[in-house]
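Peer 1: Below you'll find final-v7.txt; it's compact mmCIF, C-alpha atoms.
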# COMPACT_ATOMS: atom_id res chain seq x y z
CA MET A 7 28.39 -11.24 68.30
CA LYS A 8 31.10 -11.44 65.66
CA LYS A 9 30.00 -14.92 64.69
CA MET A 10 26.44 -13.77 64.31
CA PHE A 11 27.53 -10.85 62.13
CA ALA A 12 29.60 -13.15 59.90
CA ALA A 13 26.71 -15.59 59.65
CA ILE A 14 24.26 -12.85 58.65
CA VAL A 15 26.62 -11.46 55.99
CA THR A 16 27.24 -14.93 54.59
CA ALA A 17 23.52 -15.74 54.55
CA ILE A 18 22.58 -12.50 52.75
CA TYR A 19 25.36 -12.93 50.21
CA GLY A 20 24.37 -16.51 49.52
CA LEU A 21 20.76 -15.50 49.09
CA MET A 22 21.69 -12.75 46.59
CA LEU A 23 23.86 -15.11 44.55
CA THR A 24 21.08 -17.69 44.46
CA ALA A 25 18.37 -15.20 43.53
CA ALA A 26 20.35 -13.30 40.93
CA PRO A 27 19.78 -15.61 37.94
CA ILE A 28 16.09 -15.97 38.78
CA LEU A 29 15.56 -12.23 39.06
CA ALA A 30 17.44 -11.41 35.89
CA ALA A 31 15.60 -8.66 34.05
CA ASP A 32 15.24 -10.54 30.75
CA GLY A 33 14.80 -13.99 32.23
CA GLN A 34 18.05 -15.14 30.65
CA ILE A 35 21.24 -16.23 32.25
CA THR A 36 23.14 -15.84 29.01
CA GLY A 37 25.00 -12.67 28.24
CA SER A 38 22.86 -11.26 25.46
CA SER A 39 19.59 -11.64 23.64
CA ASN A 40 18.18 -10.14 20.46
CA VAL A 41 14.56 -9.55 19.54
CA ASP A 42 13.85 -9.06 15.85
CA ALA A 43 10.79 -6.98 14.99
CA SER A 44 9.35 -6.39 11.56
CA VAL A 45 6.39 -4.59 10.05
CA LYS A 46 5.23 -4.37 6.45
CA VAL A 47 3.83 -1.10 5.17
CA LEU A 48 1.34 -1.73 2.39
CA GLY A 49 1.89 -0.01 -0.92
CA MET A 50 -1.10 2.07 -1.91
CA CYS A 51 -1.85 4.34 -4.83
CA SER A 52 -4.86 6.57 -5.18
CA LEU A 53 -6.06 9.02 -7.80
CA ASN A 54 -8.39 11.88 -7.02
CA VAL A 55 -9.99 13.18 -10.19
CA ASN A 56 -12.58 15.88 -10.61
CA THR A 57 -15.10 13.89 -12.63
CA VAL A 58 -17.54 16.70 -13.40
CA ASP A 59 -18.26 16.35 -17.10
CA ILE A 60 -16.45 18.72 -19.44
CA ASP A 61 -18.67 20.99 -21.50
CA PHE A 62 -16.94 22.85 -24.31
CA GLY A 63 -20.16 24.59 -25.24
CA ASP A 64 -21.49 25.26 -28.76
CA LEU A 65 -18.87 25.54 -31.47
CA LEU A 66 -18.77 26.20 -35.21
CA GLU A 67 -17.08 23.94 -37.74
CA GLY A 68 -13.32 24.35 -37.57
CA ALA A 69 -13.46 26.25 -34.28
CA THR A 70 -11.30 25.53 -31.24
CA SER A 71 -12.82 25.63 -27.76
CA SER A 72 -11.37 27.37 -24.76
CA SER A 73 -9.28 25.26 -22.37
CA VAL A 74 -11.01 23.40 -19.53
CA ALA A 75 -9.02 22.04 -16.56
CA ARG A 76 -9.64 18.95 -14.47
CA SER A 77 -7.60 18.04 -11.41
CA ALA A 78 -5.80 14.68 -11.23
CA ASP A 79 -4.14 14.36 -7.83
CA LEU A 80 -2.06 11.26 -7.19
CA THR A 81 -1.49 10.02 -3.66
CA THR A 82 0.99 7.16 -3.47
CA ASN A 83 3.88 5.54 -1.63
CA THR A 84 4.92 3.24 -4.49
CA PRO A 85 5.85 3.68 -8.16
CA THR A 86 2.65 4.55 -10.00
CA THR A 87 1.80 5.18 -13.63
CA VAL A 88 -1.11 7.40 -14.62
CA THR A 89 -2.52 6.96 -18.11
CA ILE A 90 -5.03 8.79 -20.28
CA PHE A 91 -7.09 7.76 -23.27
CA GLY A 92 -10.41 8.56 -24.90
CA THR A 93 -13.06 7.49 -27.36
CA ASN A 94 -14.01 9.01 -30.69
CA TRP A 95 -16.63 11.75 -30.64
CA ILE A 96 -20.04 10.26 -31.43
CA GLY A 97 -23.13 12.29 -32.38
CA LEU A 98 -26.69 11.60 -31.35
CA THR A 99 -26.94 10.25 -34.86
CA PRO A 100 -24.28 7.54 -34.57
CA SER A 101 -23.09 7.96 -38.14
CA ASN A 102 -21.98 11.48 -37.23
CA ASN A 103 -18.59 11.35 -35.58
CA PHE A 104 -15.07 12.67 -35.54
CA GLY A 105 -11.76 11.44 -34.22
CA VAL A 106 -10.54 11.23 -30.65
CA GLY A 107 -7.46 13.23 -31.63
CA GLN A 108 -9.55 16.37 -32.13
CA THR A 109 -9.32 16.64 -28.35
CA GLU A 110 -5.98 17.86 -27.07
CA TYR A 111 -4.66 17.80 -23.52
CA GLY A 112 -1.72 19.15 -21.57
CA LEU A 113 -0.43 18.27 -18.13
CA ASP A 114 -0.25 21.53 -16.20
CA VAL A 115 0.29 23.36 -19.49
CA ALA A 116 -1.87 24.41 -22.43
CA PRO A 117 -3.37 21.52 -24.42
CA HIS A 118 -0.99 20.39 -27.15
CA ILE A 119 -1.08 16.55 -27.19
CA ASP A 120 -3.68 14.72 -29.24
CA LEU A 121 -5.84 12.40 -27.13
CA ASP A 122 -5.43 8.78 -28.19
CA LEU A 123 -7.49 5.60 -28.20
CA ASN A 124 -4.52 3.68 -26.76
CA PRO A 125 -5.18 2.91 -23.08
CA GLY A 126 -1.45 2.65 -22.48
CA THR A 127 -0.67 6.32 -23.09
CA THR A 128 1.24 7.59 -20.07
CA LEU A 129 0.15 10.91 -18.62
CA PHE A 130 2.77 10.90 -15.85
CA SER A 131 4.56 8.60 -13.45
CA SER A 132 5.49 9.18 -9.84
CA GLN A 133 6.29 7.34 -6.64
CA VAL A 134 5.32 10.24 -4.40
CA ASP A 135 2.24 12.41 -4.15
CA ALA A 136 1.74 14.45 -7.31
CA PRO A 137 -1.05 17.01 -7.68
CA HIS A 138 -1.71 17.91 -11.33
CA ASN A 139 -4.18 19.62 -13.60
CA VAL A 140 -5.06 18.26 -17.01
CA ASN A 141 -6.15 20.93 -19.49
CA PHE A 142 -8.41 19.96 -22.39
CA GLN A 143 -9.64 21.61 -25.55
CA VAL A 144 -11.39 20.40 -28.69
CA THR A 145 -11.13 21.50 -32.32
CA ILE A 146 -14.14 20.77 -34.50
CA PRO A 147 -13.16 19.40 -37.92
CA PRO A 148 -13.58 21.77 -40.87
CA HIS A 149 -16.59 21.82 -43.16
CA PRO A 150 -18.43 19.62 -43.78
CA GLN A 151 -19.02 18.39 -40.21
CA PRO A 152 -22.67 17.51 -39.66
CA ALA A 153 -24.51 19.59 -37.08
CA ASP A 154 -25.20 17.38 -34.06
CA THR A 155 -24.56 17.04 -30.34
CA TYR A 156 -21.39 15.04 -29.90
CA SER A 157 -20.01 13.31 -26.85
CA GLN A 158 -16.82 11.56 -25.81
CA THR A 159 -15.47 9.60 -22.84
CA VAL A 160 -12.05 10.34 -21.37
CA THR A 161 -10.55 7.81 -18.96
CA ILE A 162 -7.74 8.59 -16.59
CA GLY A 163 -6.24 5.35 -15.36
CA PHE A 164 -3.60 4.39 -12.82
CA SER A 165 -1.64 1.30 -11.83
CA CYS A 166 0.93 0.43 -9.20
CA ASP A 167 1.98 -3.16 -9.81
CA GLN A 168 5.46 -3.16 -8.30
CA ASP A 169 5.63 -5.63 -5.40
CA MET B 14 -30.33 39.65 4.60
CA LYS B 15 -31.57 38.36 1.29
CA LYS B 16 -28.18 39.07 -0.29
CA THR B 17 -26.39 37.14 2.47
CA PHE B 18 -28.70 34.18 2.04
CA ILE B 19 -28.11 34.07 -1.71
CA THR B 20 -24.33 34.29 -1.21
CA ALA B 21 -24.39 31.47 1.36
CA ALA B 22 -26.57 29.30 -0.84
CA PHE B 23 -24.27 29.87 -3.80
CA ALA B 24 -21.20 29.01 -1.73
CA ALA B 25 -22.85 25.84 -0.40
CA ALA B 26 -23.84 24.80 -3.91
CA VAL B 27 -20.31 25.29 -5.19
CA PHE B 28 -18.91 23.33 -2.23
CA LEU B 29 -21.34 20.43 -2.68
CA LEU B 30 -20.68 20.33 -6.40
CA SER B 31 -16.93 20.14 -5.87
CA VAL B 32 -17.21 17.50 -3.13
CA SER B 33 -19.81 15.31 -4.82
CA PHE B 34 -17.90 14.85 -8.05
CA ALA B 35 -14.35 14.59 -6.79
CA TYR B 36 -13.65 10.93 -6.18
CA ALA B 37 -10.48 9.34 -4.96
CA LEU B 38 -10.20 5.74 -6.04
CA GLY B 39 -7.24 3.86 -4.64
CA MET B 40 -5.89 0.32 -4.56
CA THR B 41 -3.24 -1.81 -2.95
CA ALA B 42 0.05 -2.11 -4.83
CA GLY B 43 1.56 -5.18 -6.40
CA THR B 44 0.68 -7.85 -8.93
CA VAL B 45 -1.97 -10.42 -8.05
CA ARG B 46 -0.45 -13.88 -8.53
CA ILE B 47 -2.58 -16.99 -8.34
CA LEU B 48 -0.91 -20.40 -8.21
CA VAL B 49 -3.30 -23.02 -9.53
CA ASP B 50 -3.03 -26.60 -10.80
CA VAL B 51 -4.68 -27.89 -13.94
CA GLY B 52 -8.20 -29.04 -13.12
CA SER B 53 -8.56 -26.95 -10.00
CA SER B 54 -9.28 -23.46 -8.71
CA SER B 55 -7.53 -21.00 -6.46
CA ASN B 56 -8.12 -17.45 -5.43
CA SER B 57 -6.45 -14.22 -4.39
CA SER B 58 -7.52 -10.63 -3.89
CA PHE B 59 -6.51 -6.99 -3.97
CA GLY B 60 -7.87 -3.99 -2.11
CA LEU B 61 -9.80 -1.01 -3.43
CA VAL B 62 -10.17 2.15 -1.42
CA ASN B 63 -12.77 4.87 -1.70
CA SER B 64 -11.13 7.90 -0.12
CA GLY B 65 -14.18 10.08 -0.70
CA ASN B 66 -17.08 10.77 1.60
CA GLU B 67 -19.82 8.98 -0.31
CA THR B 68 -20.35 5.36 -1.31
CA ILE B 69 -19.36 4.78 -4.91
CA THR B 70 -19.99 1.93 -7.31
CA VAL B 71 -17.23 0.60 -9.51
CA THR B 72 -17.60 -1.78 -12.44
CA ILE B 73 -15.03 -4.56 -12.61
CA ARG B 74 -13.81 -6.33 -15.73
CA ALA B 75 -10.89 -8.52 -16.76
CA GLU B 76 -8.87 -8.40 -19.97
CA GLY B 77 -5.96 -10.26 -21.47
CA ASP B 78 -5.23 -13.98 -21.78
CA ALA B 79 -5.96 -14.57 -18.11
CA ALA B 80 -9.50 -13.15 -18.38
CA GLN B 81 -11.04 -16.39 -19.65
CA PHE B 82 -9.89 -18.20 -16.50
CA LEU B 83 -10.94 -15.57 -14.00
CA GLU B 84 -14.10 -15.15 -12.01
CA ILE B 85 -14.61 -11.66 -10.57
CA PRO B 86 -17.50 -9.56 -9.31
CA THR B 87 -18.86 -7.29 -12.05
CA LYS B 88 -19.79 -4.47 -9.68
CA LEU B 89 -18.72 -3.45 -6.23
CA GLU B 90 -19.95 -0.80 -3.85
CA LEU B 91 -17.13 0.91 -2.01
CA ALA B 92 -18.00 2.41 1.33
CA PRO B 93 -16.24 5.70 2.05
CA GLN B 94 -12.86 5.62 3.77
CA LYS B 95 -12.69 1.83 3.75
CA LEU B 96 -10.59 -0.89 2.15
CA THR B 97 -12.72 -3.37 0.20
CA TYR B 98 -11.16 -6.54 -1.15
CA VAL B 99 -11.89 -7.78 -4.66
CA ASN B 100 -11.84 -11.58 -4.70
CA ILE B 101 -10.41 -13.14 -7.85
CA ILE B 102 -10.90 -16.85 -8.54
CA ALA B 103 -8.78 -18.56 -11.18
CA THR B 104 -9.90 -21.89 -12.57
CA ILE B 105 -7.80 -23.93 -14.97
CA PRO B 106 -9.89 -26.66 -16.63
CA SER B 107 -8.54 -30.19 -16.84
CA THR B 108 -8.62 -29.80 -20.63
CA TYR B 109 -6.04 -27.00 -20.57
CA ASP B 110 -3.26 -28.05 -22.93
CA GLY B 111 -0.63 -25.53 -21.93
CA SER B 112 -1.02 -23.49 -25.11
CA LEU B 113 -0.75 -20.24 -23.11
CA GLY B 114 2.13 -21.55 -21.04
CA GLY B 115 2.42 -21.68 -17.29
CA ASN B 116 2.35 -17.93 -16.71
CA ILE B 117 -0.86 -16.43 -18.05
CA THR B 118 -1.13 -12.66 -17.68
CA GLY B 119 -4.00 -10.22 -17.73
CA SER B 120 -5.46 -7.23 -15.98
CA VAL B 121 -8.44 -6.50 -13.81
CA TYR B 122 -9.94 -3.02 -14.12
CA ALA B 123 -12.11 -1.15 -11.65
CA VAL B 124 -13.85 1.83 -13.26
CA GLN B 125 -15.52 4.71 -11.50
CA GLU B 126 -17.72 6.43 -14.06
CA GLY B 127 -17.90 10.20 -14.02
CA ALA B 128 -20.95 12.36 -14.47
CA PRO B 129 -22.51 11.92 -17.93
CA GLY B 130 -22.23 14.90 -20.27
CA GLN B 131 -20.47 16.21 -23.34
CA VAL B 132 -17.18 14.69 -22.16
CA GLN B 133 -17.55 12.06 -19.45
CA VAL B 134 -14.41 11.67 -17.31
CA ASN B 135 -13.88 8.19 -15.83
CA VAL B 136 -11.28 6.99 -13.35
CA GLN B 137 -9.86 3.52 -13.81
CA ALA B 138 -7.67 1.42 -11.52
CA GLN B 139 -5.69 -1.30 -13.31
CA LYS B 140 -4.41 -4.38 -11.48
CA ALA B 141 -2.02 -6.81 -13.16
CA VAL B 142 -2.89 -10.49 -12.67
CA GLN B 143 -0.76 -13.59 -13.23
CA ILE B 144 -2.06 -17.15 -13.23
CA LEU B 145 0.78 -19.52 -12.47
CA ILE B 146 0.42 -23.18 -13.44
CA PRO B 147 3.21 -25.38 -11.99
CA LYS B 148 2.67 -28.17 -14.52
CA TYR B 149 3.69 -25.78 -17.30
CA GLY B 150 6.52 -24.05 -15.47
CA GLY B 151 4.60 -21.38 -13.62
CA HIS B 152 5.91 -20.62 -10.15
CA LEU B 153 5.76 -17.86 -7.60
CA PRO B 154 8.79 -15.56 -7.58
CA GLU B 155 11.13 -15.94 -4.67
CA ALA B 156 10.17 -13.63 -1.88
CA LYS B 157 12.43 -10.66 -1.52
CA THR B 158 13.84 -10.82 1.95
CA GLN B 159 15.79 -8.14 3.62
CA THR B 160 17.27 -9.27 6.86
CA GLU B 161 19.11 -7.13 9.28
CA SER B 162 20.54 -9.09 12.16
CA SER B 163 23.18 -8.48 14.71
CA VAL B 164 24.89 -11.61 15.92
CA GLU B 165 27.03 -11.34 18.97
CA GLN B 166 29.93 -13.77 19.08
CA TRP B 167 29.59 -15.80 22.22
CA SER B 168 32.64 -16.50 24.31
CA ILE B 169 33.53 -17.06 27.93
CA LEU B 170 34.81 -13.51 28.11
CA THR B 171 31.65 -11.94 26.76
CA GLY B 172 29.62 -14.19 28.99
CA LEU B 173 31.50 -13.18 32.11
CA THR B 174 31.24 -9.51 31.32
CA ALA B 175 27.77 -9.48 29.87
CA LEU B 176 26.10 -11.50 32.59
CA PRO B 177 26.75 -9.10 35.47
CA ALA B 178 26.19 -6.13 33.15
CA SER B 179 22.71 -7.34 32.32
CA ASN B 180 21.87 -8.29 35.87
CA PRO B 181 22.30 -5.56 38.50
CA ILE B 182 21.49 -7.88 41.40
CA LEU B 183 24.31 -10.23 40.44
CA LEU B 184 26.62 -7.24 40.02
CA ILE B 185 25.81 -6.01 43.52
CA SER B 186 26.30 -9.52 44.86
CA ILE B 187 29.75 -9.85 43.33
CA ALA B 188 30.73 -6.38 44.51
CA GLY B 189 29.36 -7.13 47.98
CA GLY B 190 31.24 -10.40 48.06
CA ALA B 191 34.50 -8.72 47.07
CA LEU B 192 33.96 -6.07 49.75
CA ALA B 193 33.20 -8.72 52.36
CA LEU B 194 36.36 -10.58 51.35
CA VAL B 195 38.45 -7.43 51.80
CA VAL B 196 36.87 -6.77 55.16
CA PHE B 197 37.47 -10.37 56.15
CA VAL B 198 41.15 -10.24 55.17
CA ILE B 199 41.72 -6.96 57.02
CA PHE B 200 40.04 -8.09 60.16
CA ILE B 201 40.90 -11.81 59.92
CA ARG B 202 42.82 -11.83 63.12
CA ARG B 203 39.89 -10.49 65.06
CA PHE B 204 37.67 -13.39 64.06
CA ASP B 205 37.81 -16.35 66.32
CA ILE B 206 36.90 -19.28 64.16
CA SER B 207 37.51 -22.60 65.71
CA ILE B 208 36.07 -26.02 65.25
CA LYS B 209 35.58 -28.02 68.31
CA SER B 210 34.87 -31.67 68.27
CA LYS B 211 32.09 -32.91 70.44
CA ARG B 212 33.12 -35.14 73.16
CA ARG B 213 30.99 -38.02 73.93
Could you rewrite the structure in this file as structure tokens?

Peer 2:
Amino acid sequence: MKKMFAAIVTAIYGLMLTAAPILAADGQITGSSNVDASVKVLGMCSLNVNTVDIDFGDLLEGATSSSVARSADLTTNTPTTVTIFGTNWIGLTPSNNFGVGQTEYGLDVAPHIDLDLNPGTTLFSSQVDAPHNVNFQVTIPPHPQPADTYSQTVTIGFSCDQD
Amino acid sequence: MKKTFITAAFAAAVFLLSVSFAYALGMTAGTVRILVDVGSSSNSSFGLVNSGNETITVTIRAEGDAAQFLEIPTKLELAPQKLTYVNIIATIPSTYDGSLGGNITGSVYAVQEGAPGQVQVNVQAQKAVQILIPKYGGHLPEAKTQTESSVEQWSILTGLTALPASNPILLISIAGGALALVVFVIFIRRFDISIKSKRR
């Protein structure tokens, strides 16, 4: 009886020692293992602009319009630059025109900066979401400014080139 | 009833007006770099995203020194809520004499035009592009790598301790063996182990 007991204990113990490396949880018989994981989050920048045309209405020579606001909401997770520039005012008769700088803008404040032809004019920079309003107004040049219907294009640009 | 209908119609009109003309144009970050040999072509791309609810059309153009070597689509339709890739092909003719060097820069613009009117408001995404020509010193920048690694120093001691710690079955086996050994020592006199030779 005692011999049988000793034999059973020895057999079970031997079986456990043999099976242990095979049944190791991580399949390794070494003491440690490391798993490196990596994920790349893409940089993205996005600009949401209210692109309804701006109508300053009918104005007299030398008059200044009321201020008109347009939203420019930046959504980004990377350094982003938002720019603004415009074209000169052109009449239906192309020879009638006046300068781009007659339009003024202000970021979240009253218009006070002359619009420029330079496409590199920075409106604001941010690396996080930034909701803004851009306020515009136009001042018609003094007499003599030919009566006509004038138009202009304003472009709000953005770039996020940092790798 | 009539008043309610007019109010609802007005509200719907205001809502549609605000939704229809508010576009969100987005793009993937980073500079587009194209490595290309003299006399051959290569391509790369960047992503544009229309975050609005309607399909929009953007016009694409290239400017700068790199523009003359680039081939891009002139217009793209961007489906709502999707990433659309703009393929850029750079071709350096075999006659290129290196006058612009091995790193030729430029920009690709995607413009979403606003509603026409007294002042038309456009939205423009600008993507920097570099054409890199190895023959004239152009090369891709070294990738920025940030590695975080934990290296455990291996030794007999760590092995002996770590192995049972990571393997519960082995731990139980060793403990069981130790217990059996103790039991065996305590009761050694009660075991009757003898080896008898067979007699022929």

Peer 1: Quote the spacing between CA of Ile144 (chain B) and CA of Gly111 (chain B) in Å to one decimal place.

Peer 2: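 So the answer is 12.2 Å.
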
Peer 1: Between CA of His149 (chain A) and CA of Val106 (chain A), what is the distance in Å, rounded to a tenth?

Peer 2: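 Between CA of His149 (chain A) and CA of Val106 (chain A) the gap works out to 17.5 Å.
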
Peer 1: Counting all atoms listed in the file, which of A:Thr161, A:Thr109, A:Gln133, A:Ser77 gets nearest to chain B?

Peer 2: A:Thr161

Peer 1: Extract, using only C-alpha atoms, all DNA, RNA and protein residues at most 10 Å from Pro129 (chain B), discarding same-chain residues fewer than 2 positions from it, and format them as a list in words.

Peer 2: Thr57, Val58, Asp59, Ile60, Ser157, Gln158 and Thr159 of chain A; Glu126, Gly127, Gln131, Val132, Gln133, Val134 and Asn135 of chain B

Peer 1: Go through region 91-140 of chain B residue by residue and, counting all atoms listed in the file, keep those with an atom at most 10 Å from region 80-91 of chain A; for each kept residue give the shortest atom pair and its distance in Å to one decimal, ordered by chain and increasing number, as a Markdown table.

Peer 2:
| residue | atom | partner | partner_atom | distance |
| --- | --- | --- | --- | --- |
| B:Asn135 | CA | A:Ile90 | CA | 9.9 |
| B:Val136 | CA | A:Ile90 | CA | 9.5 |
| B:Gln137 | CA | A:Thr89 | CA | 9.2 |
| B:Ala138 | CA | A:Val88 | CA | 9.4 |
| B:Gln139 | CA | A:Thr87 | CA | 9.9 |

Peer 1: Quick one: residues within 7 Å of Val99 (chain B), all atoms listed in the file, excluding same-chain residues fewer than 4 positions away - as a list of chain:residue names?

Peer 2: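 Here the answer would be B:Ser58, B:Phe59, B:Gly60.
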
Peer 1: Can you measure CA of Ser64 (chain B) to CA of Leu48 (chain A) for me? One decimal in Å is fine.

Peer 2: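 Distance reported for this atom pair: 16.0 Å.
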
Peer 1: Using only C-alpha atoms, which chain A residues lie at most 6 Å away from chain B, written as a VMD selection string?

Peer 2: chain A and resid 22 26 30 37 49 to 61 157 to 169

Peer 1: I'd like to know which of B:Thr118, B:Asn56, B:Ser112, B:Asn66 is closest to Asn100 (chain B), using all atoms listed in the file.

Peer 2: B:Asn56
